[in-house]
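So the structure is just underneath, and the comments pick up after that.
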Amino acid sequence: MNSQATFLSLQDISKQYDDTVALDGVSLDINKGEVFGYIGPNGAGKTTTIKILVGLIQDFGGRYCLNGNPIRGTYAEVQKIMGYLPQGVSFQEWRTVDTALRTLGELSGIPGDLLEHKIGQLLRLLDLSGVRYRKVSKLSGGMVQKLGLAQALLNDPQFLVLDEPLNGLDPTSRYEVKKVIKELSAKGTTVFFSSHILSDVEDIADRVAILDKGHILKIGSTSELTEGLFPDRMIEISFFQDCNVSELPGSVHRIEEIIRQSPKQILIRLSHDADVEMASHEILSRLISSNCHIQTFRRVTPDLDDVYLQYIRGR
């Protein structure tokens with residue numbers, strides 16, 4: 001994240017379809033150059049939010065500001081600085097990769113010489129140079145997805161909106177696309193993206209908003225969300241052979257519970273105010289003095305999946 005200047009602001013955004021409330025008072029601020037993840041179950045309102053951001057829905061309640069300017073009936077100006085990758089992106093299958101990008105670039109008003117340069121640059125960036133003159137109908141799903149990202153980047157957008165950008169990508173391509181997103185952020189591009197792949201969100205998002213039933217439940221970095229929900233400190237220990245740990249709670253300060261996961265593995269839950277470093281040292285000392293042969297000793301850190309489940313399902 002390059003700057004703390006607010007780039008995008010949604011204030012009390014609401015949207016209703018007949019009797020269905022899609023968004024109910026959604027408010028958030030996104031900083032310039034920030035990668036902002038947007039997660040939630042199906043039907044939470046993610047796609048509706050994205051459609052409002054890119055101008056596909058203009059009839060909504062609340063206030064939408066970009067660079068401090070209210071957006072209402074002025075989407076033509078917004079779209080000049082925006083790139084958008086929709087979920088389930090598709091192209092005319094009879095076109096080649098080159099003609100698909102060239103047509104979209106011409107429609108966006110990009111001059112010919114610059115467009116030629118941009119197409120070559122983006123195809124190299126996304127490892128699509130080898131299929132430049134191949135028809136879209138002959139591409140794999142992952143290649144079509146990367147082509148969708150290429151078209152979103154044609155106009156060097158200041159604001160990039162991505163709906164499930166990593167769908168259909170193999171692990172190598174996912175790594176490459178995540179790297180591209182982080183590099184864009186480092187250069188000042190603000191990225192708003194929705195994804196069901198929470199590990200990928202955790203890898204690249206500076207902050208995350210959790211949305212459910214049209215309401216934002218929480219916004220923060222993964223560490224902030226984790227600290228707020230998981231005050232307990234957990235340590236996992238595995239042994240080469242069964243070890244008697246029954247005396248540990250009485251000899252080590254702040255142990256609240258020992259969970260026996262298997263004959264050779266335990267999980268120790270410390271109190272929320274425990275000094276983890278000190279407790280770890282005491283636990284190791286006691287186990288060694290008890291002739292326990294330790295195989296692994298690690299602190300368990302909750303991830304975004306744990307945070308998500310805690311908020312959405314109340315676990």
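Just remember, in the structure tokens the first chain shown is A, the second B, etc., residues are 1-based per chain, and ligands are 1-based in the order shown.
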
Which residues, written as a list in words, have at least one atom at most 8 Å from Asp29 of chain A, with only C-alpha atoms counted and residues fewer than 4 positions away on the same chain left out?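 My list of contacting residues is Thr6, Phe7, Leu8, Ser9 and Leu10 of chain A.
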
Could you write out the selected residues, including C-alpha atoms, as a PDB file, in the first residue's frame?
```
ATOM      1  CA  THR A   6      -8.378   7.960   0.653  1.00  0.00           C
ATOM      2  CA  PHE A   7      -9.046   7.035  -2.977  1.00  0.00           C
ATOM      3  CA  LEU A   8     -12.516   5.514  -2.777  1.00  0.00           C
ATOM      4  CA  SER A   9     -15.292   6.038  -0.262  1.00  0.00           C
ATOM      5  CA  LEU A  10     -18.662   4.318   0.006  1.00  0.00           C
TER       6      LEU A  10
END
```

So which residues touch segment 30-46 of chain A within 6 Å, counting only C-alpha atoms, skipping near sequence neighbours fewer than 2 positions away, as a ChimeraX atom specification? /A:1-8,22-23,48-49,185,188-194,205-214

I need the chosen residues saved as a compact mmCIF listing (two decimals), in the first residue's frame, with C-alpha atoms.
```txt
# COMPACT_ATOMS: atom_id res chain seq x y z
CA MET A 1 0.00 0.00 0.00
CA ASN A 2 1.64 3.22 -1.19
CA SER A 3 -0.34 5.99 0.46
CA GLN A 4 -2.82 6.64 3.22
CA ALA A 5 -4.77 9.11 1.05
CA THR A 6 -8.38 7.96 0.65
CA PHE A 7 -9.05 7.04 -2.98
CA LEU A 8 -12.52 5.51 -2.78
CA ALA A 22 -28.86 -6.72 -1.56
CA LEU A 23 -26.92 -4.02 0.31
CA THR A 48 -23.95 -5.80 -6.45
CA THR A 49 -21.21 -3.73 -4.82
CA SER A 185 -0.32 -1.71 -6.10
CA GLY A 188 -0.06 3.31 -7.07
CA THR A 189 -2.94 1.39 -8.64
CA THR A 190 -5.84 0.86 -6.24
CA VAL A 191 -7.21 -2.69 -6.47
CA PHE A 192 -10.62 -3.87 -5.28
CA PHE A 193 -11.14 -7.59 -5.68
CA SER A 194 -13.58 -10.28 -4.69
CA ALA A 205 -4.80 -7.99 0.35
CA ASP A 206 -3.67 -5.13 2.57
CA ARG A 207 -7.12 -5.14 4.17
CA VAL A 208 -10.22 -7.28 3.90
CA ALA A 209 -13.93 -6.59 4.29
CA ILE A 210 -16.22 -9.46 5.29
CA LEU A 211 -19.73 -9.04 3.88
CA ASP A 212 -22.82 -11.03 4.80
CA LYS A 213 -26.50 -10.43 3.95
CA GLY A 214 -25.76 -6.95 2.68
```

Which polymer residues have any atom within 9 Å of an atom of Ala279 of chain A, counting only C-alpha atoms, with same-chain residues fewer than 2 positions away left out, as a PyMOL selection string? chain A and resi 252-255+270+274-277+281-284

Report the closest atom pair, with its distance in Å rounded to one decimal, for each residue of segment 166-272 of chain A that has an atom no farther than 12 Å from segment 300-312 of chain A; count only C-alpha atoms, sort by chain and then rising residue number, and write it as JSON lines.
```
{"residue": "A:His196", "atom": "CA", "partner": "A:Asp305", "partner_atom": "CA", "distance": 10.3}
{"residue": "A:Ile197", "atom": "CA", "partner": "A:Asp305", "partner_atom": "CA", "distance": 9.3}
{"residue": "A:Leu198", "atom": "CA", "partner": "A:Asp305", "partner_atom": "CA", "distance": 6.3}
{"residue": "A:Ser199", "atom": "CA", "partner": "A:Leu304", "partner_atom": "CA", "distance": 7.0}
{"residue": "A:Asp200", "atom": "CA", "partner": "A:Leu304", "partner_atom": "CA", "distance": 9.8}
{"residue": "A:Val201", "atom": "CA", "partner": "A:Leu304", "partner_atom": "CA", "distance": 8.2}
{"residue": "A:Glu202", "atom": "CA", "partner": "A:Leu304", "partner_atom": "CA", "distance": 6.3}
{"residue": "A:Asp203", "atom": "CA", "partner": "A:Leu304", "partner_atom": "CA", "distance": 9.9}
{"residue": "A:Ile204", "atom": "CA", "partner": "A:Leu304", "partner_atom": "CA", "distance": 12.0}
{"residue": "A:Ala205", "atom": "CA", "partner": "A:Leu304", "partner_atom": "CA", "distance": 10.9}
{"residue": "A:Arg207", "atom": "CA", "partner": "A:Leu304", "partner_atom": "CA", "distance": 11.2}
{"residue": "A:Val208", "atom": "CA", "partner": "A:Leu304", "partner_atom": "CA", "distance": 9.4}
{"residue": "A:Ala209", "atom": "CA", "partner": "A:Tyr308", "partner_atom": "CA", "distance": 10.1}
{"residue": "A:Ile210", "atom": "CA", "partner": "A:Tyr308", "partner_atom": "CA", "distance": 7.3}
{"residue": "A:Leu211", "atom": "CA", "partner": "A:Ile312", "partner_atom": "CA", "distance": 8.6}
{"residue": "A:Asp212", "atom": "CA", "partner": "A:Ile312", "partner_atom": "CA", "distance": 7.1}
{"residue": "A:Lys213", "atom": "CA", "partner": "A:Ile312", "partner_atom": "CA", "distance": 9.9}
{"residue": "A:His215", "atom": "CA", "partner": "A:Ile312", "partner_atom": "CA", "distance": 11.3}
{"residue": "A:Ile216", "atom": "CA", "partner": "A:Tyr311", "partner_atom": "CA", "distance": 10.5}
{"residue": "A:Leu217", "atom": "CA", "partner": "A:Tyr311", "partner_atom": "CA", "distance": 7.3}
{"residue": "A:Lys218", "atom": "CA", "partner": "A:Tyr311", "partner_atom": "CA", "distance": 8.4}
{"residue": "A:Ile219", "atom": "CA", "partner": "A:Val307", "partner_atom": "CA", "distance": 11.4}
{"residue": "A:Gly220", "atom": "CA", "partner": "A:Val307", "partner_atom": "CA", "distance": 11.1}
{"residue": "A:Ser221", "atom": "CA", "partner": "A:Leu304", "partner_atom": "CA", "distance": 9.7}
{"residue": "A:Thr222", "atom": "CA", "partner": "A:Leu304", "partner_atom": "CA", "distance": 6.3}
{"residue": "A:Ser223", "atom": "CA", "partner": "A:Asp303", "partner_atom": "CA", "distance": 8.6}
{"residue": "A:Glu224", "atom": "CA", "partner": "A:Val307", "partner_atom": "CA", "distance": 10.2}
{"residue": "A:Leu225", "atom": "CA", "partner": "A:Val307", "partner_atom": "CA", "distance": 6.7}
{"residue": "A:Thr226", "atom": "CA", "partner": "A:Val307", "partner_atom": "CA", "distance": 6.2}
{"residue": "A:Glu227", "atom": "CA", "partner": "A:Pro302", "partner_atom": "CA", "distance": 9.2}
{"residue": "A:Gly228", "atom": "CA", "partner": "A:Val307", "partner_atom": "CA", "distance": 9.3}
{"residue": "A:Leu229", "atom": "CA", "partner": "A:Val307", "partner_atom": "CA", "distance": 7.1}
{"residue": "A:Phe230", "atom": "CA", "partner": "A:Pro302", "partner_atom": "CA", "distance": 7.6}
{"residue": "A:Pro231", "atom": "CA", "partner": "A:Pro302", "partner_atom": "CA", "distance": 10.6}
{"residue": "A:Asp232", "atom": "CA", "partner": "A:Thr301", "partner_atom": "CA", "distance": 10.2}
{"residue": "A:Arg233", "atom": "CA", "partner": "A:Val300", "partner_atom": "CA", "distance": 7.7}
{"residue": "A:Met234", "atom": "CA", "partner": "A:Val300", "partner_atom": "CA", "distance": 5.3}
{"residue": "A:Ile235", "atom": "CA", "partner": "A:Val300", "partner_atom": "CA", "distance": 5.6}
{"residue": "A:Glu236", "atom": "CA", "partner": "A:Val300", "partner_atom": "CA", "distance": 6.4}
{"residue": "A:Ile237", "atom": "CA", "partner": "A:Val300", "partner_atom": "CA", "distance": 10.0}
{"residue": "A:Ile266", "atom": "CA", "partner": "A:Val300", "partner_atom": "CA", "distance": 11.7}
{"residue": "A:Leu267", "atom": "CA", "partner": "A:Val300", "partner_atom": "CA", "distance": 8.9}
{"residue": "A:Ile268", "atom": "CA", "partner": "A:Val300", "partner_atom": "CA", "distance": 9.7}
{"residue": "A:Arg269", "atom": "CA", "partner": "A:Val300", "partner_atom": "CA", "distance": 9.8}
{"residue": "A:Leu270", "atom": "CA", "partner": "A:Val300", "partner_atom": "CA", "distance": 11.3}
```

Residues of segment 20-195 of chain A in strand (DSSP E), written as a PyMOL selection string: chain A and resi 20-31+35-39+61-66+69-70+82-85+159-163+190-194

Now that the selection is made, can you save its residues with C-alpha atoms as a compact mmCIF listing (two decimals), in the first residue's frame?
```
# COMPACT_ATOMS: atom_id res chain seq x y z
CA THR A 20 -34.72 -8.46 -1.67
CA VAL A 21 -32.24 -6.20 0.11
CA ALA A 22 -28.86 -6.72 -1.56
CA LEU A 23 -26.92 -4.02 0.31
CA ASP A 24 -27.96 -2.35 3.54
CA GLY A 25 -25.80 0.54 4.71
CA VAL A 26 -22.40 -0.52 3.33
CA SER A 27 -19.64 1.95 4.20
CA LEU A 28 -15.91 1.64 3.56
CA ASP A 29 -12.87 3.73 2.65
CA ILE A 30 -10.03 2.44 0.46
CA ASN A 31 -6.62 4.09 0.32
CA VAL A 35 -5.19 -3.97 -2.43
CA PHE A 36 -8.61 -4.39 -0.85
CA GLY A 37 -10.17 -7.86 -0.56
CA TYR A 38 -13.94 -8.32 -0.47
CA ILE A 39 -15.20 -11.68 0.77
CA GLY A 61 -28.89 4.80 -2.16
CA GLY A 62 -25.95 6.39 -0.37
CA ARG A 63 -22.83 8.23 -1.49
CA TYR A 64 -20.00 6.98 -3.72
CA CYS A 65 -16.88 9.15 -3.99
CA LEU A 66 -13.73 8.59 -6.04
CA ASN A 69 -15.50 13.50 -6.15
CA PRO A 70 -19.11 12.27 -5.77
CA MET A 82 -10.83 2.15 -14.30
CA GLY A 83 -10.07 -1.39 -15.39
CA TYR A 84 -12.66 -4.12 -14.79
CA LEU A 85 -12.45 -7.90 -14.91
CA PHE A 159 -8.49 1.82 -10.19
CA LEU A 160 -8.73 -1.90 -10.89
CA VAL A 161 -11.89 -3.86 -10.02
CA LEU A 162 -11.51 -7.65 -10.18
CA ASP A 163 -14.34 -10.14 -9.62
CA THR A 190 -5.84 0.86 -6.24
CA VAL A 191 -7.21 -2.69 -6.47
CA PHE A 192 -10.62 -3.87 -5.28
CA PHE A 193 -11.14 -7.59 -5.68
CA SER A 194 -13.58 -10.28 -4.69
```

Would you please extract all alpha helix (DSSP H) residues from segment 38-214 of chain A, as assigned by DSSP on the backbone, and give them as a PyMOL selection string? chain A and resi 46-54+75-80+97-107+112-125+141-152+171-186+198-204

As a check of understanding: the span from atom CA of Pro171 of chain A to atom CA of Leu101 of chain A is 24.9 Å

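Among A:Asn167, A:Gln121, A:Leu139, A:Arg132, the residue with the shortest atom-to-atom distance to Leu154 of chain A, counting only C-alpha atoms, is A:Gln121.
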
Which neighbours of Val180 of chain A fall inside 10 Å, counting only C-alpha atoms, when residues of the same chain fewer than 6 positions from it are skipped, and could you give them as number ranges by chain? A: 125-126, 174, 186

What is the distance between atom CA of Gly105 of chain A and atom CA of Tyr175 of chain A, in Å to one decimal?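 Computing the Euclidean distance for atom CA of Gly105 of chain A and atom CA of Tyr175 of chain A yields 26.4 Å.
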
Got a sec: who's within 10 Å of Gln79 of chain A, counting only C-alpha atoms, leaving out chain neighbours fewer than 2 positions off, as a PDB file with N, CA and C atoms, in the first residue's frame?
```
ATOM      1  N   LEU A  53     -19.710  -0.018  -8.277  1.00  0.00           N
ATOM      2  CA  LEU A  53     -18.387   0.597  -8.446  1.00  0.00           C
ATOM      3  C   LEU A  53     -18.088   0.889  -9.913  1.00  0.00           C
ATOM      4  N   VAL A  54     -18.463  -0.030 -10.809  1.00  0.00           N
ATOM      5  CA  VAL A  54     -18.078   0.129 -12.220  1.00  0.00           C
ATOM      6  C   VAL A  54     -19.162   0.796 -13.061  1.00  0.00           C
ATOM      7  N   GLY A  55     -20.326   1.059 -12.467  1.00  0.00           N
ATOM      8  CA  GLY A  55     -21.367   1.784 -13.185  1.00  0.00           C
ATOM      9  C   GLY A  55     -22.422   0.931 -13.841  1.00  0.00           C
ATOM     10  N   THR A  74     -21.802  10.310 -13.530  1.00  0.00           N
ATOM     11  CA  THR A  74     -20.534  10.757 -14.133  1.00  0.00           C
ATOM     12  C   THR A  74     -19.609   9.572 -14.378  1.00  0.00           C
ATOM     13  N   TYR A  75     -20.171   8.413 -14.669  1.00  0.00           N
ATOM     14  CA  TYR A  75     -19.359   7.208 -14.803  1.00  0.00           C
ATOM     15  C   TYR A  75     -18.433   7.242 -16.012  1.00  0.00           C
ATOM     16  N   ALA A  76     -18.737   8.060 -17.034  1.00  0.00           N
ATOM     17  CA  ALA A  76     -17.859   8.137 -18.200  1.00  0.00           C
ATOM     18  C   ALA A  76     -16.464   8.581 -17.790  1.00  0.00           C
ATOM     19  N   GLU A  77     -16.380   9.516 -16.854  1.00  0.00           N
ATOM     20  CA  GLU A  77     -15.082   9.967 -16.372  1.00  0.00           C
ATOM     21  C   GLU A  77     -14.407   8.892 -15.523  1.00  0.00           C
ATOM     22  N   ILE A  81     -10.414   5.919 -15.952  1.00  0.00           N
ATOM     23  CA  ILE A  81      -9.311   5.577 -15.045  1.00  0.00           C
ATOM     24  C   ILE A  81      -9.490   4.194 -14.427  1.00  0.00           C
ATOM     25  N   MET A  82     -10.477   3.443 -14.913  1.00  0.00           N
ATOM     26  CA  MET A  82     -10.833   2.155 -14.297  1.00  0.00           C
ATOM     27  C   MET A  82     -10.574   0.997 -15.244  1.00  0.00           C
ATOM     28  N   GLY A  83     -10.120  -0.124 -14.684  1.00  0.00           N
ATOM     29  CA  GLY A  83     -10.069  -1.389 -15.387  1.00  0.00           C
ATOM     30  C   GLY A  83     -10.962  -2.373 -14.666  1.00  0.00           C
ATOM     31  N   TYR A  84     -11.667  -3.226 -15.408  1.00  0.00           N
ATOM     32  CA  TYR A  84     -12.658  -4.118 -14.789  1.00  0.00           C
ATOM     33  C   TYR A  84     -12.559  -5.507 -15.394  1.00  0.00           C
ATOM     34  N   SER A 108     -11.619   1.954 -26.591  1.00  0.00           N
ATOM     35  CA  SER A 108     -11.260   2.786 -25.437  1.00  0.00           C
ATOM     36  C   SER A 108     -10.513   4.051 -25.846  1.00  0.00           C
ATOM     37  N   ASN A 155      -5.676   0.238 -20.396  1.00  0.00           N
ATOM     38  CA  ASN A 155      -5.634   1.701 -20.283  1.00  0.00           C
ATOM     39  C   ASN A 155      -4.843   2.185 -19.070  1.00  0.00           C
ATOM     40  N   PRO A 157      -4.998   1.505 -15.757  1.00  0.00           N
ATOM     41  CA  PRO A 157      -5.997   2.064 -14.836  1.00  0.00           C
ATOM     42  C   PRO A 157      -5.409   2.499 -13.494  1.00  0.00           C
ATOM     43  N   PHE A 159      -7.584   2.588 -11.045  1.00  0.00           N
ATOM     44  CA  PHE A 159      -8.485   1.821 -10.195  1.00  0.00           C
ATOM     45  C   PHE A 159      -8.825   0.530 -10.920  1.00  0.00           C
TER      46      PHE A 159
END
```

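Distance-wise, atom CA of Gln87 of chain A and atom CA of Ser140 of chain A end up 16.0 Å apart.
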
Of the listed residues A:Asp59, A:Pro86, A:Val97, A:Lys51, that which approaches Lys138 of chain A most closely, counting only C-alpha atoms: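 For Lys138 of chain A, the nearest of the candidates is A:Val97.
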
Who sits within 12 Å of Gly142 of chain A, only C-alpha atoms, same chain under 6 positions skipped, as a list of chain:residue names: A:Gly88, A:Val89, A:Ser90, A:Leu126, A:Asp127, A:Leu128, A:Val136, A:Gly148, A:Leu149, A:Pro165, A:Leu166, A:Asn167, A:Gly168, A:Leu169, A:Asp170, A:Pro171, A:Thr172, A:Ser173, A:Arg174, A:Val177
